[in-house]
Every structure is written in C-alpha cells, then in structure tokens.
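S.K.: Input: one structure, supplied below.
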Amino acid sequence: EADIYQTPRYLVIGTGKKITLECSQTMGHDKMYWYQQDPGMELHLIHYSYGVNSTEKGDLSSESTVSRIRTEHFPLTLESARPSHTSQYLCASSEFGSKETQYFGPGTRLLVL
Amino acid sequence: GDSVTQMEGPVTLSEEAFLTINCTYTATGYPSLFWYVQYPGEGLQLLLKATKADDKGSNKGFEATYRKETTSFHLEKGSVQVSDSAVYFCALYGGTSYGKLTFGQGTILTVHP
C-alpha cells in the first residue's frame with residue numbers, strides 16, 4: 001500500500017499570496033514528482049527530483065519552485081499566486097529500478113481568486 | 001519524442017457491458033507500459049502494467065496486452081460495474097523520455113446501472 005500524503009487537499013487563496021503545497025512519502029523512495037492537472041484532465045510534469053538536493057524542471061514551464069532537503073519531503077512553493085495557477089496539483093514518488101511504477105498522492109485542488 | 005494516444009472519450013456504458021479503451025504509443029526501444037485510474041476527487045492509482053512485449057497485465061478484472069508489433073496496450077474488461085466509473089490514463093516509461101512517465105490524455109468512463 002502506497003503512503004504518500006498531500007496537504008492541504010483544498011485551498012482557496014487571493015492573488016499575490018505565497019503558498020506552499022506539502023508532499024510527504026513514507027516509502028523511502030528517491031524519486032519524487034509534481035504534476036499539474038488541468039480541467040481537461042491532462043497531466044503535465046512540472047518538477048521532479050532524483051534524491052536529496054536534486055531538483056529538475058519538467059515538461060511544462062511553471063512559476064513554482066521546489067526543494068528536496070529530506071528524502072521524504074518535496075514541497076512546492078508559489079511565491080505570488082495568480083488565477084492562472086488555479087489547478088489540481090498531484091505529487092508522486094517512485095523507487096529506482098521499479099520500472100517507474102509511480103505512487104500518487106490524493107492531490108491538492110488550488111483556486112486562486 | 002515519446003507519445004501516448006488514447007481513444008477519444010468520454011465513454012458511456014451500461015453495467016455488465018464489455019469495455020475497450022484503446023491506447024497506442026510511439027517510443028524507441030522497449031518501454032514499460034501502464035494503465036492508471038483516477039476516481040473522482042482522488043489521485044492516480046496504478047491499475048496494471050507490462051514491462052515487455054507480449055506481457056499481459058491484469059488487475060480487478062481489467063487486462064491489457066503489450067503488443068509491440070502494433071505499438072498498442074488496449075485496456076479491456078469483460079463486465080464493467082458502476083464503481084468502474086473513473087478516468088483512465090495510459091502511460092509509458094522508457095524510450096527517449098528517460099526518467100519520466102509519458103501519459104496519454106485520459107479517457108472518462110461512465111457506467112450506468
């Protein structure tokens with residue numbers, strides 16, 4: 001059973017606010033990911049990490065930033081939220097050599113007013 | 001680059017009907033192939049996977065066979081239930097997009113009683 005957690009599950013916030021979306025996993029996985037899922041359902045990889053102190057930008061340009069100071073924790077930060085950031089954000093993790101079986105968190109649904 | 005194409009949705013079926021969701025891919029080499037399912041308000045869950053040609057992945061009555069000659073990984077279920085209503089994503093790992101999953105656009109399935 002996968003154990004990957006995201007908080008908050010839902011967030012409504014005003015334009016210009018700084019927000020941090022939390023993601024934690026208890027499986028000891030080295031690889032972690034952030035996806036943005038638009039209303040049309042398509043998933044876009046925005047950040048990934050192969051381990052502590054490793055972060056890379058994904059396929060979709062994003063104004064968010066990430067950090068990986070601990071193996072289990074991979075927070076995503078928006079310095080100044082805008083309505084265009086309204087979306088669902090999904091965190092995932094996987095183990096090296098697992099043929100990329102990714103385990104997903106429940107997601108954070110963000111609404112920026 | 002790598003790509004995954006799923007059949008256009010949404011798909012609407014009556015309970016106990018036969019389900020097929022088509023998935024074809026473009027990738028070099030020998031990618032691993034996956035089906036993920038997303039229930040309303042949740043993150044993605046791995047449904048099944050296949051890591052080499054002619055492998056059949058199966059889970060919860062769903063099946064998909066890795067067909068390298070037709071570059072396909074179609075999802076099937078003999079008798080769907082209302083509880084199968086969800087969004088289904090086909091994905092691949094490998095090819096040129098090393099280190100990342102490439103997802104299809106998702107197919108909405110609705111099953112009526």
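Please note that chains go A, B, ... in the order of the structure tokens, that every chain numbers its residues from 1, and that ligands are numbered from 1 in the order shown.
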Report as JSON, numbers by chain the set of chain B residues whose atoms approach chain A to within 9 Å, with distances computed over only C-alpha atoms.
M.R.: {"B": [32, 34, 41, 42, 43, 44, 45, 46, 49, 51, 87, 92, 93, 94, 99, 100, 101, 103, 104, 105, 106, 107]}
S.K.: Keeping only C-alpha atoms, take the residues you just selected and write them out as a PDB file, in the first residue's frame.
M.R.:
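Saved result, result.pdb, follows:
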```pdb
ATOM      1  CA  SER B  32       7.257  -0.276 -19.977  1.00  0.00           C
ATOM      2  CA  PHE B  34       0.977   1.254 -17.638  1.00  0.00           C
ATOM      3  CA  GLY B  41     -11.560  13.577  -6.156  1.00  0.00           C
ATOM      4  CA  GLU B  42      -8.536  11.315  -5.841  1.00  0.00           C
ATOM      5  CA  GLY B  43      -5.027  10.919  -7.179  1.00  0.00           C
ATOM      6  CA  LEU B  44      -3.971   8.296  -9.706  1.00  0.00           C
ATOM      7  CA  GLN B  45      -3.663   4.623  -8.806  1.00  0.00           C
ATOM      8  CA  LEU B  46      -1.718   2.042 -10.741  1.00  0.00           C
ATOM      9  CA  LYS B  49       1.457  -2.713 -16.066  1.00  0.00           C
ATOM     10  CA  THR B  51       7.273  -4.427 -18.935  1.00  0.00           C
ATOM     11  CA  VAL B  87     -10.713   8.480 -15.654  1.00  0.00           C
ATOM     12  CA  LEU B  92       4.815   4.638 -20.876  1.00  0.00           C
ATOM     13  CA  TYR B  93       8.260   4.708 -19.292  1.00  0.00           C
ATOM     14  CA  GLY B  94      11.449   4.496 -21.287  1.00  0.00           C
ATOM     15  CA  GLY B  99      13.367   9.055 -16.060  1.00  0.00           C
ATOM     16  CA  LYS B 100       9.810  10.245 -16.663  1.00  0.00           C
ATOM     17  CA  LEU B 101       6.405   8.796 -17.378  1.00  0.00           C
ATOM     18  CA  PHE B 103       0.876   9.993 -20.112  1.00  0.00           C
ATOM     19  CA  GLY B 104      -1.960   9.871 -22.576  1.00  0.00           C
ATOM     20  CA  GLN B 105      -4.692  12.477 -22.341  1.00  0.00           C
ATOM     21  CA  GLY B 106      -7.044  10.341 -20.250  1.00  0.00           C
ATOM     22  CA  THR B 107     -10.413   8.741 -21.042  1.00  0.00           C
TER      23      THR B 107
END
```
S.K.: Need the shell around A:Glu79: protein/DNA/RNA residues with any atom at most 10 Å away, counting only C-alpha atoms. Skip same-chain ones fewer than 3 positions apart. Format as number ranges by chain?
M.R.: A: 16-20, 63-65, 76, 82
S.K.: With all heavy atoms kept, could you save the residues just selected as a PDB file, in the first residue's frame?
M.R.:
```pdb
ATOM      1  N   GLY A  16      -1.584  37.052  -5.357  1.00  0.00           N
ATOM      2  CA  GLY A  16      -0.416  37.671  -4.742  1.00  0.00           C
ATOM      3  C   GLY A  16       0.086  36.984  -3.492  1.00  0.00           C
ATOM      4  O   GLY A  16       1.190  37.282  -3.017  1.00  0.00           O
ATOM      5  N   LYS A  17      -0.686  36.044  -2.971  1.00  0.00           N
ATOM      6  CA  LYS A  17      -0.254  35.340  -1.757  1.00  0.00           C
ATOM      7  C   LYS A  17       0.812  34.294  -2.085  1.00  0.00           C
ATOM      8  O   LYS A  17       0.828  33.704  -3.162  1.00  0.00           O
ATOM      9  CB  LYS A  17      -1.443  34.646  -1.098  1.00  0.00           C
ATOM     10  CG  LYS A  17      -2.547  35.588  -0.666  1.00  0.00           C
ATOM     11  CD  LYS A  17      -2.115  36.470   0.470  1.00  0.00           C
ATOM     12  CE  LYS A  17      -3.295  37.294   0.977  1.00  0.00           C
ATOM     13  NZ  LYS A  17      -2.878  38.235   2.050  1.00  0.00           N
ATOM     14  N   LYS A  18       1.656  34.052  -1.100  1.00  0.00           N
ATOM     15  CA  LYS A  18       2.645  32.980  -1.207  1.00  0.00           C
ATOM     16  C   LYS A  18       2.042  31.718  -0.608  1.00  0.00           C
ATOM     17  O   LYS A  18       1.443  31.759   0.471  1.00  0.00           O
ATOM     18  CB  LYS A  18       3.913  33.350  -0.450  1.00  0.00           C
ATOM     19  CG  LYS A  18       4.974  32.254  -0.441  1.00  0.00           C
ATOM     20  CD  LYS A  18       6.224  32.687   0.315  1.00  0.00           C
ATOM     21  CE  LYS A  18       7.250  31.572   0.334  1.00  0.00           C
ATOM     22  NZ  LYS A  18       8.497  31.985   1.052  1.00  0.00           N
ATOM     23  N   ILE A  19       2.176  30.607  -1.326  1.00  0.00           N
ATOM     24  CA  ILE A  19       1.633  29.346  -0.822  1.00  0.00           C
ATOM     25  C   ILE A  19       2.658  28.228  -0.973  1.00  0.00           C
ATOM     26  O   ILE A  19       3.505  28.256  -1.865  1.00  0.00           O
ATOM     27  CB  ILE A  19       0.339  28.937  -1.555  1.00  0.00           C
ATOM     28  CG1 ILE A  19       0.586  28.797  -3.059  1.00  0.00           C
ATOM     29  CG2 ILE A  19      -0.779  29.914  -1.266  1.00  0.00           C
ATOM     30  CD1 ILE A  19      -0.571  28.180  -3.793  1.00  0.00           C
ATOM     31  N   THR A  20       2.569  27.258  -0.081  1.00  0.00           N
ATOM     32  CA  THR A  20       3.390  26.053  -0.169  1.00  0.00           C
ATOM     33  C   THR A  20       2.489  24.836  -0.090  1.00  0.00           C
ATOM     34  O   THR A  20       1.685  24.701   0.833  1.00  0.00           O
ATOM     35  CB  THR A  20       4.436  25.989   0.956  1.00  0.00           C
ATOM     36  OG1 THR A  20       5.339  27.084   0.807  1.00  0.00           O
ATOM     37  CG2 THR A  20       5.219  24.689   0.893  1.00  0.00           C
ATOM     38  N   GLU A  63       5.846  28.601 -12.785  1.00  0.00           N
ATOM     39  CA  GLU A  63       6.419  29.650 -11.955  1.00  0.00           C
ATOM     40  C   GLU A  63       6.656  29.169 -10.532  1.00  0.00           C
ATOM     41  O   GLU A  63       7.132  29.922  -9.706  1.00  0.00           O
ATOM     42  CB  GLU A  63       5.508  30.878 -11.979  1.00  0.00           C
ATOM     43  CG  GLU A  63       5.457  31.525 -13.359  1.00  0.00           C
ATOM     44  CD  GLU A  63       4.286  32.470 -13.525  1.00  0.00           C
ATOM     45  OE1 GLU A  63       3.379  32.450 -12.679  1.00  0.00           O
ATOM     46  OE2 GLU A  63       4.282  33.220 -14.508  1.00  0.00           O
ATOM     47  N   SER A  64       6.345  27.922 -10.255  1.00  0.00           N
ATOM     48  CA  SER A  64       6.564  27.381  -8.935  1.00  0.00           C
ATOM     49  C   SER A  64       8.010  26.933  -8.762  1.00  0.00           C
ATOM     50  O   SER A  64       8.746  26.768  -9.748  1.00  0.00           O
ATOM     51  CB  SER A  64       5.627  26.187  -8.705  1.00  0.00           C
ATOM     52  OG  SER A  64       5.854  25.205  -9.695  1.00  0.00           O
ATOM     53  N   THR A  65       8.396  26.733  -7.506  1.00  0.00           N
ATOM     54  CA  THR A  65       9.720  26.193  -7.191  1.00  0.00           C
ATOM     55  C   THR A  65       9.551  25.033  -6.223  1.00  0.00           C
ATOM     56  O   THR A  65       8.519  24.915  -5.557  1.00  0.00           O
ATOM     57  CB  THR A  65      10.625  27.256  -6.551  1.00  0.00           C
ATOM     58  OG1 THR A  65       9.999  27.736  -5.356  1.00  0.00           O
ATOM     59  CG2 THR A  65      10.875  28.412  -7.494  1.00  0.00           C
ATOM     60  N   LEU A  76       6.191  22.194  -2.781  1.00  0.00           N
ATOM     61  CA  LEU A  76       6.109  23.065  -3.953  1.00  0.00           C
ATOM     62  C   LEU A  76       5.630  24.439  -3.489  1.00  0.00           C
ATOM     63  O   LEU A  76       4.653  24.536  -2.748  1.00  0.00           O
ATOM     64  CB  LEU A  76       5.146  22.465  -4.977  1.00  0.00           C
ATOM     65  CG  LEU A  76       4.928  23.227  -6.282  1.00  0.00           C
ATOM     66  CD1 LEU A  76       4.724  22.266  -7.437  1.00  0.00           C
ATOM     67  CD2 LEU A  76       3.744  24.179  -6.184  1.00  0.00           C
ATOM     68  N   ARG A  82      -1.446  33.466  -8.761  1.00  0.00           N
ATOM     69  CA  ARG A  82      -2.286  34.159  -9.743  1.00  0.00           C
ATOM     70  C   ARG A  82      -3.423  33.248 -10.158  1.00  0.00           C
ATOM     71  O   ARG A  82      -3.316  32.017 -10.042  1.00  0.00           O
ATOM     72  CB  ARG A  82      -1.457  34.529 -10.968  1.00  0.00           C
ATOM     73  CG  ARG A  82      -0.374  35.553 -10.715  1.00  0.00           C
ATOM     74  CD  ARG A  82      -0.116  36.350 -11.991  1.00  0.00           C
ATOM     75  NE  ARG A  82       0.322  35.499 -13.074  1.00  0.00           N
ATOM     76  CZ  ARG A  82       1.600  35.234 -13.325  1.00  0.00           C
ATOM     77  NH1 ARG A  82       2.529  35.754 -12.560  1.00  0.00           N
ATOM     78  NH2 ARG A  82       1.934  34.472 -14.329  1.00  0.00           N
TER      79      ARG A  82
END
```
S.K.: Could you give me, as a list in words, the residues within 7 Å of A:Glu22, counting only C-alpha atoms and dropping anything in the same chain fewer than 2 positions from it?
M.R.: Gln6, Thr7, Thr20, Ser24, Phe74, Pro75 and Leu76 of chain A
S.K.: Include C-alpha atoms and write out the residues we just selected as a PDB file, in the first residue's frame.
M.R.:
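Generated file (out31.pdb):
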```pdb
ATOM      1  CA  GLN A   6      -0.536  15.896   0.341  1.00  0.00           C
ATOM      2  CA  THR A   7      -1.759  18.890   2.295  1.00  0.00           C
ATOM      3  CA  THR A  20       3.390  26.053  -0.169  1.00  0.00           C
ATOM      4  CA  SER A  24       5.436  13.598   2.004  1.00  0.00           C
ATOM      5  CA  PHE A  74       9.065  17.521  -1.569  1.00  0.00           C
ATOM      6  CA  PRO A  75       7.207  20.830  -1.092  1.00  0.00           C
ATOM      7  CA  LEU A  76       6.109  23.065  -3.953  1.00  0.00           C
TER       8      LEU A  76
END
```
S.K.: Excluding A:Gly28 and residues on its chain fewer than 2 positions from it, collect all residues at most 7 Å away from it, counting only C-alpha atoms, and give them as number ranges by chain.
M.R.: A: 26, 30, 71-72
S.K.: Now that the selection is made, can you save its residues with all heavy atoms as a PDB file, in the first residue's frame?
M.R.:
```pdb
ATOM      1  N   THR A  26       6.330   7.993   2.854  1.00  0.00           N
ATOM      2  CA  THR A  26       6.958   7.195   3.906  1.00  0.00           C
ATOM      3  C   THR A  26       7.567   5.908   3.365  1.00  0.00           C
ATOM      4  O   THR A  26       7.856   4.984   4.123  1.00  0.00           O
ATOM      5  CB  THR A  26       5.932   6.864   5.001  1.00  0.00           C
ATOM      6  OG1 THR A  26       4.846   6.127   4.411  1.00  0.00           O
ATOM      7  CG2 THR A  26       5.410   8.113   5.662  1.00  0.00           C
ATOM      8  N   ASP A  30      13.421   7.427  -3.668  1.00  0.00           N
ATOM      9  CA  ASP A  30      14.341   8.502  -4.042  1.00  0.00           C
ATOM     10  C   ASP A  30      13.717   9.498  -5.000  1.00  0.00           C
ATOM     11  O   ASP A  30      13.988  10.681  -4.966  1.00  0.00           O
ATOM     12  CB  ASP A  30      15.599   7.906  -4.691  1.00  0.00           C
ATOM     13  CG  ASP A  30      16.477   7.205  -3.664  1.00  0.00           C
ATOM     14  OD1 ASP A  30      16.737   7.813  -2.604  1.00  0.00           O
ATOM     15  OD2 ASP A  30      16.909   6.063  -3.925  1.00  0.00           O
ATOM     16  N   THR A  71      14.594  13.187   2.111  1.00  0.00           N
ATOM     17  CA  THR A  71      14.116  12.194   1.153  1.00  0.00           C
ATOM     18  C   THR A  71      12.604  12.148   1.096  1.00  0.00           C
ATOM     19  O   THR A  71      12.003  12.027   0.020  1.00  0.00           O
ATOM     20  CB  THR A  71      14.649  10.796   1.521  1.00  0.00           C
ATOM     21  OG1 THR A  71      16.057  10.804   1.440  1.00  0.00           O
ATOM     22  CG2 THR A  71      14.092   9.726   0.588  1.00  0.00           C
ATOM     23  N   GLU A  72      11.963  12.253   2.263  1.00  0.00           N
ATOM     24  CA  GLU A  72      10.516  12.018   2.329  1.00  0.00           C
ATOM     25  C   GLU A  72       9.671  13.240   1.996  1.00  0.00           C
ATOM     26  O   GLU A  72       8.455  13.124   1.902  1.00  0.00           O
ATOM     27  CB  GLU A  72      10.145  11.511   3.726  1.00  0.00           C
ATOM     28  CG  GLU A  72      10.414  12.478   4.856  1.00  0.00           C
ATOM     29  CD  GLU A  72      11.818  12.346   5.436  1.00  0.00           C
ATOM     30  OE1 GLU A  72      12.716  11.824   4.738  1.00  0.00           O
ATOM     31  OE2 GLU A  72      12.008  12.803   6.582  1.00  0.00           O
TER      32      GLU A  72
END
```
S.K.: Can you list, as a PyMOL selection string, every residue of chain A that DSSP puts in strand (DSSP E or B)?
M.R.: chain A and resi 4-7+10-13+19-25+31-37+43-51+54-57+65-66+70+73+76-78+87-94+103-104+108-112
S.K.: Of the candidates B:Ser3, B:Ile21, B:Asp55, B:Ile108, which one gets nearest to B:Leu75 if we count only C-alpha atoms?
M.R.: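 Of B:Ser3, B:Ile21, B:Asp55, B:Ile108, the one nearest B:Leu75 is B:Ile21, counting only C-alpha atoms.
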S.K.: List the neighbours of A:Arg70 out to 9 Å using only C-alpha atoms; skip same-chain residues closer than 5 positions along the sequence, and give me the result as an NGL selection string.
M.R.: :A and (51-53)
S.K.: Rounded to one decimal in Å, what is the spacing between atom CA of B:Pro40 and atom CA of B:Ser72?
M.R.: 26.6 Å
S.K.: Neighbours of B:Ser85 within 10 Å (only C-alpha atoms; same-chain residues fewer than 4 positions away dropped), as a PDB file with N, CA, C and O atoms, in the first residue's frame?
M.R.:
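The result, stored in part.pdb:
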```pdb
ATOM      1  N   VAL B  11     -16.478   7.786 -22.583  1.00  0.00           N
ATOM      2  CA  VAL B  11     -17.098   6.511 -22.900  1.00  0.00           C
ATOM      3  C   VAL B  11     -18.219   6.264 -21.897  1.00  0.00           C
ATOM      4  O   VAL B  11     -18.007   6.388 -20.696  1.00  0.00           O
ATOM      5  N   THR B  12     -19.400   5.955 -22.403  1.00  0.00           N
ATOM      6  CA  THR B  12     -20.556   5.689 -21.543  1.00  0.00           C
ATOM      7  C   THR B  12     -21.067   4.293 -21.829  1.00  0.00           C
ATOM      8  O   THR B  12     -21.342   3.958 -22.984  1.00  0.00           O
ATOM      9  N   LEU B  13     -21.180   3.479 -20.779  1.00  0.00           N
ATOM     10  CA  LEU B  13     -21.619   2.095 -20.925  1.00  0.00           C
ATOM     11  C   LEU B  13     -22.667   1.754 -19.887  1.00  0.00           C
ATOM     12  O   LEU B  13     -22.752   2.401 -18.833  1.00  0.00           O
ATOM     13  N   VAL B  37      -5.656   4.626 -13.002  1.00  0.00           N
ATOM     14  CA  VAL B  37      -7.058   5.003 -12.880  1.00  0.00           C
ATOM     15  C   VAL B  37      -7.178   6.113 -11.839  1.00  0.00           C
ATOM     16  O   VAL B  37      -6.458   6.117 -10.833  1.00  0.00           O
ATOM     17  N   GLN B  38      -8.042   7.075 -12.128  1.00  0.00           N
ATOM     18  CA  GLN B  38      -8.276   8.187 -11.204  1.00  0.00           C
ATOM     19  C   GLN B  38      -9.761   8.261 -10.894  1.00  0.00           C
ATOM     20  O   GLN B  38     -10.562   8.607 -11.762  1.00  0.00           O
ATOM     21  N   TYR B  39     -10.123   7.931  -9.664  1.00  0.00           N
ATOM     22  CA  TYR B  39     -11.507   8.048  -9.219  1.00  0.00           C
ATOM     23  C   TYR B  39     -11.795   9.496  -8.830  1.00  0.00           C
ATOM     24  O   TYR B  39     -10.869  10.248  -8.499  1.00  0.00           O
ATOM     25  N   PRO B  40     -13.046   9.911  -8.850  1.00  0.00           N
ATOM     26  CA  PRO B  40     -13.383  11.312  -8.580  1.00  0.00           C
ATOM     27  C   PRO B  40     -12.779  11.809  -7.269  1.00  0.00           C
ATOM     28  O   PRO B  40     -12.917  11.173  -6.221  1.00  0.00           O
ATOM     29  N   VAL B  80     -18.290  -4.420 -16.953  1.00  0.00           N
ATOM     30  CA  VAL B  80     -17.996  -3.252 -16.116  1.00  0.00           C
ATOM     31  C   VAL B  80     -19.079  -3.062 -15.061  1.00  0.00           C
ATOM     32  O   VAL B  80     -20.233  -3.484 -15.226  1.00  0.00           O
ATOM     33  N   GLN B  81     -18.679  -2.408 -13.991  1.00  0.00           N
ATOM     34  CA  GLN B  81     -19.588  -2.074 -12.894  1.00  0.00           C
ATOM     35  C   GLN B  81     -19.658  -0.558 -12.741  1.00  0.00           C
ATOM     36  O   GLN B  81     -18.768   0.165 -13.197  1.00  0.00           O
ATOM     37  N   ILE B 108     -12.474   9.412 -19.953  1.00  0.00           N
ATOM     38  CA  ILE B 108     -13.505   9.342 -18.921  1.00  0.00           C
ATOM     39  C   ILE B 108     -14.430   8.175 -19.222  1.00  0.00           C
ATOM     40  O   ILE B 108     -14.965   8.068 -20.328  1.00  0.00           O
ATOM     41  N   LEU B 109     -14.618   7.314 -18.227  1.00  0.00           N
ATOM     42  CA  LEU B 109     -15.567   6.209 -18.344  1.00  0.00           C
ATOM     43  C   LEU B 109     -16.709   6.432 -17.369  1.00  0.00           C
ATOM     44  O   LEU B 109     -16.481   6.645 -16.181  1.00  0.00           O
ATOM     45  N   THR B 110     -17.934   6.383 -17.865  1.00  0.00           N
ATOM     46  CA  THR B 110     -19.124   6.447 -17.025  1.00  0.00           C
ATOM     47  C   THR B 110     -19.935   5.185 -17.256  1.00  0.00           C
ATOM     48  O   THR B 110     -20.245   4.849 -18.406  1.00  0.00           O
ATOM     49  N   VAL B 111     -20.254   4.489 -16.164  1.00  0.00           N
ATOM     50  CA  VAL B 111     -21.051   3.270 -16.245  1.00  0.00           C
ATOM     51  C   VAL B 111     -22.385   3.515 -15.548  1.00  0.00           C
ATOM     52  O   VAL B 111     -22.421   3.894 -14.376  1.00  0.00           O
ATOM     53  N   HIS B 112     -23.466   3.284 -16.280  1.00  0.00           N
ATOM     54  CA  HIS B 112     -24.828   3.466 -15.743  1.00  0.00           C
ATOM     55  C   HIS B 112     -25.408   2.139 -15.290  1.00  0.00           C
ATOM     56  O   HIS B 112     -25.152   1.105 -15.909  1.00  0.00           O
TER      57      HIS B 112
END
```
